[in-house]
>>> print(open('protein-v4.cif').read())   # mmCIF, C-alpha atoms
data_model
loop_
_atom_site.label_atom_id
_atom_site.label_comp_id
_atom_site.auth_asym_id
_atom_site.auth_seq_id
_atom_site.Cartn_x
_atom_site.Cartn_y
_atom_site.Cartn_z
CA MET A 1487 -26.71 -18.07 -11.50
CA LYS A 1488 -25.62 -18.48 -15.11
CA LEU A 1489 -24.62 -14.83 -15.13
CA VAL A 1490 -22.29 -15.39 -12.16
CA LEU A 1491 -20.60 -18.29 -13.99
CA PHE A 1492 -20.35 -16.23 -17.19
CA LEU A 1493 -18.78 -13.29 -15.36
CA SER A 1494 -16.29 -15.54 -13.60
CA GLU A 1495 -15.35 -17.10 -16.95
CA LEU A 1496 -14.75 -13.58 -18.31
CA LEU A 1497 -12.64 -12.78 -15.23
CA THR A 1498 -10.65 -15.98 -15.75
CA VAL A 1499 -9.83 -15.34 -19.40
CA ALA A 1500 -9.18 -11.61 -18.97
CA SER A 1501 -6.75 -12.11 -16.11
CA ALA A 1502 -5.13 -15.04 -17.96
CA PHE A 1503 -4.39 -12.58 -20.78
CA VAL A 1504 -2.67 -10.31 -18.28
CA VAL A 1505 -0.73 -13.27 -16.87
CA ALA A 1506 0.49 -14.33 -20.29
CA LEU A 1507 1.29 -10.94 -21.79
CA HIS A 1508 2.08 -8.37 -19.08
CA PRO A 1509 5.78 -7.45 -19.13
CA ASN A 1510 5.91 -7.04 -15.33
CA VAL A 1511 6.08 -10.44 -13.65
CA LEU A 1512 4.83 -9.04 -10.34
CA TYR A 1513 1.55 -7.86 -11.89
CA ALA A 1514 1.28 -11.10 -13.87
CA SER A 1515 1.49 -13.19 -10.69
CA ILE A 1516 -1.08 -10.99 -8.92
CA PHE A 1517 -3.48 -11.51 -11.83
CA LEU A 1518 -2.74 -15.24 -11.68
CA LEU A 1519 -4.55 -15.09 -8.32
CA PHE A 1520 -7.71 -13.79 -10.03
CA THR A 1521 -7.43 -16.51 -12.69
CA PHE A 1522 -7.30 -19.17 -9.98
CA LEU A 1523 -10.29 -17.65 -8.18
CA GLY A 1524 -12.31 -17.59 -11.41
CA VAL A 1525 -11.42 -21.22 -12.09
CA ALA A 1526 -12.52 -22.08 -8.54
CA VAL A 1527 -15.94 -20.52 -9.21
CA MET A 1528 -16.15 -22.55 -12.44
CA PHE A 1529 -15.38 -25.69 -10.43
CA VAL A 1530 -18.22 -24.87 -8.01
CA PHE A 1531 -20.67 -24.55 -10.91
CA ALA A 1532 -19.44 -27.87 -12.35
CA GLY A 1533 -20.43 -29.66 -9.15
CA ALA A 1534 -16.82 -29.93 -7.91
CA ASP A 1535 -17.11 -28.27 -4.51
CA PHE A 1536 -14.21 -30.12 -2.90
CA ILE A 1537 -11.92 -29.40 -5.86
CA ALA A 1538 -12.87 -25.72 -5.68
CA GLY A 1539 -11.86 -25.67 -2.01
CA ALA A 1540 -8.59 -27.42 -2.79
CA GLN A 1541 -7.99 -24.96 -5.62
CA VAL A 1542 -8.43 -21.97 -3.31
CA VAL A 1543 -6.34 -23.47 -0.50
CA VAL A 1544 -3.47 -24.84 -2.60
CA TYR A 1545 -3.26 -22.39 -5.50
CA VAL A 1546 -4.50 -19.08 -4.08
CA GLY A 1547 -3.19 -19.65 -0.58
CA GLY A 1548 -0.04 -21.58 -1.43
CA VAL A 1549 1.37 -21.39 -4.93
CA THR A 1550 0.60 -17.72 -5.63
CA ILE A 1551 2.00 -16.62 -2.28
CA LEU A 1552 5.09 -18.75 -2.91
CA ILE A 1553 5.59 -17.17 -6.34
CA LEU A 1554 5.15 -13.64 -4.95
CA PHE A 1555 7.62 -14.53 -2.22
CA ALA A 1556 10.15 -15.73 -4.79
CA ILE A 1557 9.69 -12.55 -6.89
CA MET A 1558 10.21 -10.32 -3.87
CA LEU A 1559 13.21 -12.35 -2.76
CA THR A 1560 15.00 -12.50 -6.11
CA GLN A 1561 14.30 -9.05 -7.51
CA TRP A 1562 12.52 -6.60 -5.27
CA LEU A 1563 14.98 -6.48 -2.42
CA TYR A 1564 18.15 -6.27 -4.42
CA GLN A 1565 17.26 -4.44 -7.59
CA MET A 1566 14.12 -2.96 -9.07
CA ARG A 1567 14.56 -4.82 -12.34
CA LEU A 1568 11.11 -6.38 -12.36
CA ARG A 1569 10.41 -6.08 -16.05
CA ASP A 1570 10.93 -8.98 -18.35
CA VAL A 1571 13.71 -8.37 -20.86
CA GLY A 1572 12.22 -7.36 -24.18
CA ASN A 1573 11.27 -10.33 -26.32
CA LYS A 1574 10.54 -9.41 -29.92
CA LEU A 1575 8.72 -12.68 -30.49
CA VAL A 1576 5.81 -11.85 -28.15
CA VAL A 1577 3.46 -10.50 -30.83
CA PRO A 1578 3.96 -13.29 -33.43
CA ILE A 1579 3.75 -15.99 -30.74
CA ALA A 1580 0.54 -14.47 -29.36
CA VAL A 1581 -1.08 -14.15 -32.80
CA ILE A 1582 -0.20 -17.70 -33.86
CA GLY A 1583 -1.19 -19.13 -30.47
CA LEU A 1584 -4.57 -17.40 -30.29
CA GLY A 1585 -5.19 -18.50 -33.87
CA LEU A 1586 -4.80 -22.08 -32.67
CA VAL A 1587 -7.58 -21.72 -30.05
CA PRO A 1588 -10.47 -22.61 -32.43
CA PHE A 1589 -8.69 -25.79 -33.57
CA LEU A 1590 -7.98 -26.87 -30.00
CA TYR A 1591 -11.58 -26.16 -29.02
CA LYS A 1592 -12.82 -28.07 -32.07
CA GLY A 1593 -10.69 -31.06 -31.11
CA LEU A 1594 -12.01 -31.02 -27.54
CA HIS A 1595 -15.54 -30.71 -28.93
CA GLN A 1596 -15.03 -33.83 -31.06
CA LEU A 1597 -13.57 -35.60 -28.03
CA ALA A 1598 -16.74 -34.74 -26.11
CA ASP A 1599 -18.85 -36.26 -28.88
CA PHE A 1600 -16.54 -39.27 -29.00
CA VAL A 1601 -17.03 -39.95 -25.29
CA SER A 1602 -20.79 -39.65 -25.50
CA LYS A 1603 -23.23 -37.53 -27.45
CA ALA A 1604 -25.89 -37.28 -24.77
CA PRO A 1605 -25.44 -35.72 -21.36
CA PRO A 1606 -25.91 -38.18 -18.50
CA PRO A 1607 -29.47 -38.46 -17.15
CA ASN A 1608 -28.59 -37.59 -13.54
CA LEU A 1609 -26.94 -34.25 -14.36
CA ALA A 1610 -28.98 -32.12 -11.93
CA ALA A 1611 -28.46 -34.58 -9.07
CA PHE A 1612 -24.71 -34.56 -9.77
CA SER A 1613 -24.46 -30.75 -9.57
CA GLY A 1614 -26.44 -30.45 -6.37
CA SER A 1615 -24.83 -33.06 -4.14
CA PRO A 1616 -21.63 -32.60 -2.12
CA LYS A 1617 -18.70 -34.65 -3.40
CA THR A 1618 -16.42 -34.96 -0.38
CA THR A 1619 -17.66 -38.43 0.60
CA ALA A 1620 -17.45 -39.79 -2.94
CA ILE A 1621 -13.95 -38.39 -3.47
CA GLY A 1622 -12.73 -39.78 -0.16
CA GLU A 1623 -14.09 -43.23 -0.94
CA ALA A 1624 -12.57 -43.16 -4.44
CA LEU A 1625 -9.19 -42.05 -3.05
CA LEU A 1626 -9.08 -44.87 -0.51
CA SER A 1627 -10.41 -47.65 -2.74
CA SER A 1628 -9.80 -47.58 -6.50
CA TYR A 1629 -7.25 -44.70 -6.41
CA LEU A 1630 -5.28 -45.91 -3.38
CA LEU A 1631 -2.02 -46.54 -5.28
CA PRO A 1632 -1.91 -43.10 -6.98
CA PHE A 1633 -2.87 -41.54 -3.64
CA GLU A 1634 0.09 -43.16 -1.86
CA GLY A 1635 2.31 -42.27 -4.80
CA ILE A 1636 1.27 -38.62 -4.48
CA THR A 1637 2.12 -38.62 -0.78
CA ILE A 1638 5.62 -39.98 -1.52
CA LEU A 1639 5.99 -37.44 -4.36
CA LEU A 1640 5.01 -34.53 -2.10
CA LEU A 1641 7.40 -35.68 0.62
CA GLY A 1642 10.24 -36.03 -1.87
CA ALA A 1643 9.45 -32.71 -3.54
CA LEU A 1644 9.35 -30.76 -0.28
CA VAL A 1645 12.54 -32.36 1.09
CA GLY A 1646 14.21 -31.74 -2.25
CA ALA A 1647 13.03 -28.11 -2.30
CA VAL A 1648 14.44 -27.50 1.19
CA TRP A 1649 17.71 -29.17 0.18
CA LEU A 1650 17.96 -27.10 -3.02
CA ALA A 1651 17.28 -23.80 -1.26
CA ARG A 1652 19.61 -24.47 1.67
CA PRO A 1653 22.14 -21.83 2.68
CA LYS A 1654 25.71 -22.55 1.66
CA MET B 1124 -28.76 -14.88 -23.87
CA SER B 1125 -27.69 -17.66 -26.21
CA LEU B 1126 -24.05 -16.65 -25.71
CA ILE B 1127 -24.46 -17.05 -21.95
CA ASP B 1128 -26.17 -20.42 -22.44
CA TRP B 1129 -23.31 -21.55 -24.69
CA ALA B 1130 -20.64 -20.28 -22.32
CA THR B 1131 -22.12 -21.89 -19.22
CA GLY B 1132 -22.43 -25.38 -20.72
CA LEU B 1133 -19.81 -27.99 -21.57
CA HIS B 1134 -18.55 -26.02 -24.56
CA GLY B 1135 -17.91 -22.93 -22.45
CA TYR B 1136 -15.75 -24.99 -20.15
CA LEU B 1137 -13.88 -26.51 -23.10
CA PHE B 1138 -13.35 -23.08 -24.65
CA ILE B 1139 -12.05 -21.60 -21.39
CA GLY B 1140 -9.76 -24.62 -21.02
CA ALA B 1141 -8.41 -24.13 -24.54
CA MET B 1142 -7.88 -20.40 -23.93
CA LEU B 1143 -6.02 -20.98 -20.67
CA PHE B 1144 -3.86 -23.66 -22.31
CA VAL B 1145 -2.88 -21.46 -25.24
CA LEU B 1146 -2.28 -18.41 -23.04
CA GLY B 1147 -0.08 -20.54 -20.78
CA ILE B 1148 1.95 -21.75 -23.77
CA ILE B 1149 2.26 -18.13 -24.95
CA GLY B 1150 3.51 -17.16 -21.50
CA ILE B 1151 6.05 -20.01 -21.49
CA LEU B 1152 7.38 -19.24 -24.97
CA SER B 1153 7.44 -15.44 -24.81
CA ARG B 1154 9.11 -14.89 -21.44
CA LYS B 1155 12.73 -15.10 -20.45
CA ASN B 1156 12.05 -14.61 -16.76
CA ALA B 1157 12.06 -18.02 -15.05
CA ILE B 1158 9.20 -17.07 -12.73
CA GLY B 1159 7.16 -15.94 -15.75
CA ILE B 1160 7.68 -19.37 -17.31
CA LEU B 1161 6.42 -20.93 -14.07
CA LEU B 1162 3.26 -18.78 -14.26
CA GLY B 1163 2.61 -20.16 -17.76
CA ILE B 1164 3.04 -23.73 -16.52
CA GLU B 1165 0.47 -23.13 -13.77
CA LEU B 1166 -2.03 -21.85 -16.37
CA VAL B 1167 -1.54 -24.97 -18.52
CA LEU B 1168 -2.06 -27.31 -15.55
CA ASN B 1169 -5.23 -25.45 -14.55
CA ALA B 1170 -6.56 -25.77 -18.12
CA ALA B 1171 -6.15 -29.56 -17.90
CA GLY B 1172 -8.01 -29.56 -14.58
CA ILE B 1173 -10.91 -27.58 -16.06
CA ASN B 1174 -11.27 -30.15 -18.85
CA PHE B 1175 -11.29 -33.07 -16.42
CA VAL B 1176 -13.94 -31.43 -14.20
CA ALA B 1177 -16.10 -30.44 -17.18
CA PHE B 1178 -16.06 -33.95 -18.69
CA SER B 1179 -16.71 -35.51 -15.30
CA LYS B 1180 -19.88 -33.44 -14.97
CA TYR B 1181 -21.26 -33.31 -18.50
CA ARG B 1182 -20.29 -36.73 -19.86
CA THR B 1183 -20.04 -39.22 -17.00
CA ALA B 1184 -21.68 -37.59 -13.92
CA MET B 1185 -19.14 -39.48 -11.80
CA VAL B 1186 -16.45 -38.25 -9.46
CA GLU B 1187 -13.42 -39.83 -11.17
CA GLY B 1188 -12.48 -36.74 -13.15
CA GLN B 1189 -12.47 -34.68 -9.98
CA VAL B 1190 -10.04 -37.13 -8.36
CA VAL B 1191 -7.67 -36.65 -11.31
CA THR B 1192 -8.03 -32.87 -10.95
CA LEU B 1193 -7.09 -33.20 -7.29
CA PHE B 1194 -3.93 -35.08 -8.32
CA ILE B 1195 -3.15 -32.35 -10.86
CA ILE B 1196 -3.47 -29.65 -8.18
CA LEU B 1197 -1.16 -31.57 -5.81
CA ILE B 1198 1.45 -32.21 -8.52
CA ALA B 1199 1.33 -28.52 -9.49
CA ALA B 1200 1.98 -27.54 -5.87
CA ALA B 1201 4.98 -29.88 -5.63
CA GLU B 1202 6.28 -28.65 -8.98
CA ALA B 1203 5.97 -25.00 -7.94
CA ALA B 1204 7.87 -25.64 -4.69
CA VAL B 1205 10.76 -27.42 -6.47
CA ALA B 1206 10.85 -24.89 -9.32
CA LEU B 1207 11.01 -21.93 -6.96
CA ALA B 1208 13.77 -23.62 -4.94
CA ILE B 1209 15.73 -24.11 -8.17
CA ILE B 1210 15.09 -20.47 -9.14
CA LEU B 1211 16.34 -19.20 -5.76
CA ARG B 1212 19.42 -21.41 -6.09
CA PHE B 1213 20.04 -20.14 -9.61
CA TYR B 1214 19.62 -16.54 -8.47
CA ARG B 1215 22.19 -17.07 -5.73
CA LEU B 1216 24.58 -18.51 -8.31
CA LYS B 1217 24.14 -16.00 -11.15
CA GLN B 1218 22.39 -12.95 -9.59
CA THR B 1219 19.70 -13.18 -12.28
CA ILE B 1220 16.66 -15.33 -13.07
CA ASP B 1221 16.90 -14.91 -16.84
CA ALA B 1222 16.33 -18.42 -18.22
CA GLY B 1223 18.67 -17.63 -21.12
CA GLU B 1224 21.55 -17.44 -18.63
CA ALA B 1225 21.02 -21.05 -17.55
CA ASN B 1226 23.78 -22.48 -19.77
CA LEU B 1227 26.12 -24.16 -17.29
CA LEU B 1228 25.65 -27.59 -18.90
CA ARG B 1229 26.32 -26.27 -22.40
CA ASN B 1230 30.12 -26.24 -22.16
#
>>> encode(input="protein-v4.cif", output="structure tokens")
Amino acid sequence: MKLVLFLSELLTVASAFVVALHPNVLYASIFLLFTFLGVAVMFVFAGADFIAGAQVVVYVGGVTILILFAIMLTQWLYQMRLRDVGNKLVVPIAVIGLGLVPFLYKGLHQLADFVSKAPPPNLAAFSGSPKTTAIGEALLSSYLLPFEGITILLLGALVGAVWLARPK
Amino acid sequence: MSLIDWATGLHGYLFIGAMLFVLGIIGILSRKNAIGILLGIELVLNAAGINFVAFSKYRTAMVEGQVVTLFIILIAAAEAAVALAIILRFYRLKQTIDAGEANLLRN
């Protein structure tokens, strides 16, 4: 089981490299799909089954398809100019950025120790149990106001998106 | 096997989150294509979600972090829809999606 998680982490990082650095945006967005799938597997192993399902439905089924649709609509049909215009800063930005990874990881590590040094006692029970009931109860009790706010935000965003993309 | 043990615990999740965050920032900074910038933003948001889920398992064993991750996913979906609508609008206006061409407000 650990090997499956390890391989999906490798898949996530490798395809994230392609997403960040490939000059062709079409390939980058297709590899974004594999990144999202790898992150969904990581969510499953972290005991977040409902979040993994939401990740697959919203990201893989929605956002990636939307991005591919936009790429096809803006570039493919009219001109085959899919490549990103050459940016000379790619290599220095990538070197500096990847050099910052250990510091960021170190900071997160210290944050983990700041929250608590010991893992919680009921770790195995947390991983094994389904979370849909708990998430639903949390959404409709202590997180009711953010939940309603998200619904208004989604409504406004979708109406605004339709209004922005309207024909002249 | 110790590498696999390290990578499948809390620190593996934190490291993957840091990698995705930095790669997303690299994608945002190094691209001129507006859709490429959007891809970088999605990576950064997913990195934040990984951190919330990892801390909710390994430090609290409660479901609150997963609720926040759910909110992040929903906000990312709304953001992608609006951003792509803006990109389509911009393409209709300028026949390009080069973010460097978005200078209408500069004059």
>>> resolve_selection(input="protein-v4.cif", expression="the PyMOL selection byres ((chain B and resi 1151) around 8)", output="PDB file with C-alpha atoms, in the frame of the given file")
ATOM      1  CA  GLY B1147      -0.080 -20.540 -20.780  1.00  0.00           C
ATOM      2  CA  ILE B1148       1.950 -21.750 -23.770  1.00  0.00           C
ATOM      3  CA  ILE B1149       2.260 -18.130 -24.950  1.00  0.00           C
ATOM      4  CA  GLY B1150       3.510 -17.160 -21.500  1.00  0.00           C
ATOM      5  CA  LEU B1152       7.380 -19.240 -24.970  1.00  0.00           C
ATOM      6  CA  SER B1153       7.440 -15.440 -24.810  1.00  0.00           C
ATOM      7  CA  ARG B1154       9.110 -14.890 -21.440  1.00  0.00           C
ATOM      8  CA  GLY B1159       7.160 -15.940 -15.750  1.00  0.00           C
ATOM      9  CA  ILE B1160       7.680 -19.370 -17.310  1.00  0.00           C
ATOM     10  CA  LEU B1161       6.420 -20.930 -14.070  1.00  0.00           C
ATOM     11  CA  LEU B1162       3.260 -18.780 -14.260  1.00  0.00           C
ATOM     12  CA  GLY B1163       2.610 -20.160 -17.760  1.00  0.00           C
ATOM     13  CA  ILE B1164       3.040 -23.730 -16.520  1.00  0.00           C
TER      14      ILE B1164
END
>>> atom_distance(input="protein-v4.cif", atom1="CA of Arg1212 in chain B", atom2="CA of Leu1518 in chain A")
23.7 Å
>>> closest_residue(input="protein-v4.cif", among="B:Asn1169, B:Ala1157, B:Glu1187, B:Gly1223", to="Ala1206 in chain B", atoms="only C-alpha atoms")
B:Ala1157
>>> resolve_selection(input="protein-v4.cif", expression="the PyMOL selection byres ((chain B and resi 1204) around 12)", output="ChimeraX atom specification")
/A:1544-1545,1548-1553,1555-1556,1639-1651 /B:1158,1161,1165,1197-1203,1205-1211
>>> closest_residue(input="protein-v4.cif", among="A:Leu1631, A:Val1542, A:Leu1590, A:Leu1497", to="chain B", atoms="all atoms listed in the file")
A:Leu1590
>>> closest_residue(input="protein-v4.cif", among="A:Gly1547, A:Val1601, A:Thr1619, A:Ile1516", to="chain B", atoms="only C-alpha atoms")
A:Val1601
>>> closest_residue(input="protein-v4.cif", among="B:Leu1168, B:Val1145, B:Leu1227, B:Leu1126", to="chain A", atoms="all atoms listed in the file")
B:Val1145
>>> residues_around(input="protein-v4.cif", residues="Thr1192 in chain B", least_positions_apart="3", cutoff="12 Å", atoms="all atoms listed in the file", output="VMD selection string")
(chain A and resid 1526 1529 1534 1536 to 1538 1540 to 1541 1621) or (chain B and resid 1168 to 1179 1186 to 1189 1195 to 1199)
>>> atom_distance(input="protein-v4.cif", atom1="CA of Val1490 in chain A", atom2="CA of Leu1137 in chain B")
17.7 Å
>>> residues_around(input="protein-v4.cif", residues="Ala1604 in chain A", least_positions_apart="5", cutoff="10 Å", atoms="all atoms listed in the file", output="ChimeraX atom specification")
/A:1598-1599 /B:1181-1183
>>> resolve_selection(input="protein-v4.cif", expression="the PyMOL selection byres ((chain A and resi 1487) around 12)", output="PyMOL selection string")
(chain A and resi 1488-1494+1527-1528+1530-1531) or (chain B and resi 1127-1128+1131)
>>> atom_distance(input="protein-v4.cif", atom1="CA of Leu1133 in chain B", atom2="CA of Leu1609 in chain A")
11.9 Å
>>> closest_residue(input="protein-v4.cif", among="A:Gly1539, A:Ile1636, A:Thr1498, A:Gly1533", to="Thr1521 in chain A", atoms="only C-alpha atoms")
A:Thr1498
>>> closest_residue(input="protein-v4.cif", among="A:Met1558, A:Leu1512, A:Ala1580, A:Val1504", to="chain B", atoms="all atoms listed in the file")
A:Ala1580
>>> residues_around(input="protein-v4.cif", residues="Val1587 in chain A", least_positions_apart="3", cutoff="10 Å", atoms="only C-alpha atoms", output="JSON, numbers by chain")
{"A": [1582, 1583, 1584, 1590, 1591, 1592, 1593], "B": [1138, 1139, 1140, 1141, 1142, 1143, 1144, 1145, 1146]}
>>> write_last_selection(input="protein-v4.cif", atoms="C-alpha atoms", output="PDB file, in the frame of the given file")
ATOM      1  CA  ILE A1582      -0.200 -17.700 -33.860  1.00  0.00           C
ATOM      2  CA  GLY A1583      -1.190 -19.130 -30.470  1.00  0.00           C
ATOM      3  CA  LEU A1584      -4.570 -17.400 -30.290  1.00  0.00           C
ATOM      4  CA  LEU A1590      -7.980 -26.870 -30.000  1.00  0.00           C
ATOM      5  CA  TYR A1591     -11.580 -26.160 -29.020  1.00  0.00           C
ATOM      6  CA  LYS A1592     -12.820 -28.070 -32.070  1.00  0.00           C
ATOM      7  CA  GLY A1593     -10.690 -31.060 -31.110  1.00  0.00           C
TER       8      GLY A1593
ATOM      9  CA  PHE B1138     -13.350 -23.080 -24.650  1.00  0.00           C
ATOM     10  CA  ILE B1139     -12.050 -21.600 -21.390  1.00  0.00           C
ATOM     11  CA  GLY B1140      -9.760 -24.620 -21.020  1.00  0.00           C
ATOM     12  CA  ALA B1141      -8.410 -24.130 -24.540  1.00  0.00           C
ATOM     13  CA  MET B1142      -7.880 -20.400 -23.930  1.00  0.00           C
ATOM     14  CA  LEU B1143      -6.020 -20.980 -20.670  1.00  0.00           C
ATOM     15  CA  PHE B1144      -3.860 -23.660 -22.310  1.00  0.00           C
ATOM     16  CA  VAL B1145      -2.880 -21.460 -25.240  1.00  0.00           C
ATOM     17  CA  LEU B1146      -2.280 -18.410 -23.040  1.00  0.00           C
TER      18      LEU B1146
END
>>> decode(input="protein-v4.cif", residues="range 1173-1187 of chain B", atoms="N, CA and C atoms", output="mmCIF file, in the first residue's frame")
data_model
loop_
_atom_site.group_PDB
_atom_site.id
_atom_site.type_symbol
_atom_site.label_atom_id
_atom_site.label_comp_id
_atom_site.auth_asym_id
_atom_site.auth_seq_id
_atom_site.Cartn_x
_atom_site.Cartn_y
_atom_site.Cartn_z
ATOM 1 N N ILE B 1173 -3.252 19.981 -0.240
ATOM 2 C CA ILE B 1173 -2.486 18.834 0.278
ATOM 3 C C ILE B 1173 -2.026 19.100 1.703
ATOM 4 N N ASN B 1174 -1.561 20.339 1.979
ATOM 5 C CA ASN B 1174 -1.102 20.640 3.328
ATOM 6 C C ASN B 1174 -2.242 20.558 4.334
ATOM 7 N N PHE B 1175 -3.413 21.088 3.975
ATOM 8 C CA PHE B 1175 -4.540 21.026 4.904
ATOM 9 C C PHE B 1175 -4.917 19.580 5.214
ATOM 10 N N VAL B 1176 -4.992 18.736 4.156
ATOM 11 C CA VAL B 1176 -5.389 17.339 4.380
ATOM 12 C C VAL B 1176 -4.353 16.605 5.218
ATOM 13 N N ALA B 1177 -3.046 16.863 4.936
ATOM 14 C CA ALA B 1177 -1.999 16.171 5.676
ATOM 15 C C ALA B 1177 -2.030 16.550 7.152
ATOM 16 N N PHE B 1178 -2.165 17.862 7.448
ATOM 17 C CA PHE B 1178 -2.213 18.271 8.857
ATOM 18 C C PHE B 1178 -3.471 17.742 9.524
ATOM 19 N N SER B 1179 -4.585 17.684 8.778
ATOM 20 C CA SER B 1179 -5.806 17.215 9.420
ATOM 21 C C SER B 1179 -5.692 15.734 9.772
ATOM 22 N N LYS B 1180 -4.889 14.962 9.014
ATOM 23 C CA LYS B 1180 -4.717 13.567 9.412
ATOM 24 C C LYS B 1180 -3.666 13.421 10.506
ATOM 25 N N TYR B 1181 -2.469 13.989 10.273
ATOM 26 C CA TYR B 1181 -1.334 13.626 11.116
ATOM 27 C C TYR B 1181 -1.206 14.465 12.378
ATOM 28 N N ARG B 1182 -1.944 15.581 12.490
ATOM 29 C CA ARG B 1182 -1.784 16.393 13.690
ATOM 30 C C ARG B 1182 -3.062 16.566 14.494
ATOM 31 N N THR B 1183 -4.228 16.490 13.853
ATOM 32 C CA THR B 1183 -5.447 16.671 14.642
ATOM 33 C C THR B 1183 -6.366 15.461 14.600
ATOM 34 N N ALA B 1184 -6.289 14.635 13.519
ATOM 35 C CA ALA B 1184 -7.212 13.515 13.329
ATOM 36 C C ALA B 1184 -8.655 13.984 13.411
ATOM 37 N N MET B 1185 -8.923 15.185 12.888
ATOM 38 C CA MET B 1185 -10.295 15.683 12.791
ATOM 39 C C MET B 1185 -10.555 16.082 11.339
ATOM 40 N N VAL B 1186 -11.819 16.394 11.051
ATOM 41 C CA VAL B 1186 -12.224 16.538 9.667
ATOM 42 C C VAL B 1186 -12.186 18.002 9.202
ATOM 43 N N GLU B 1187 -11.782 18.928 10.117
ATOM 44 C CA GLU B 1187 -11.860 20.348 9.783
ATOM 45 C C GLU B 1187 -10.978 20.724 8.594
#
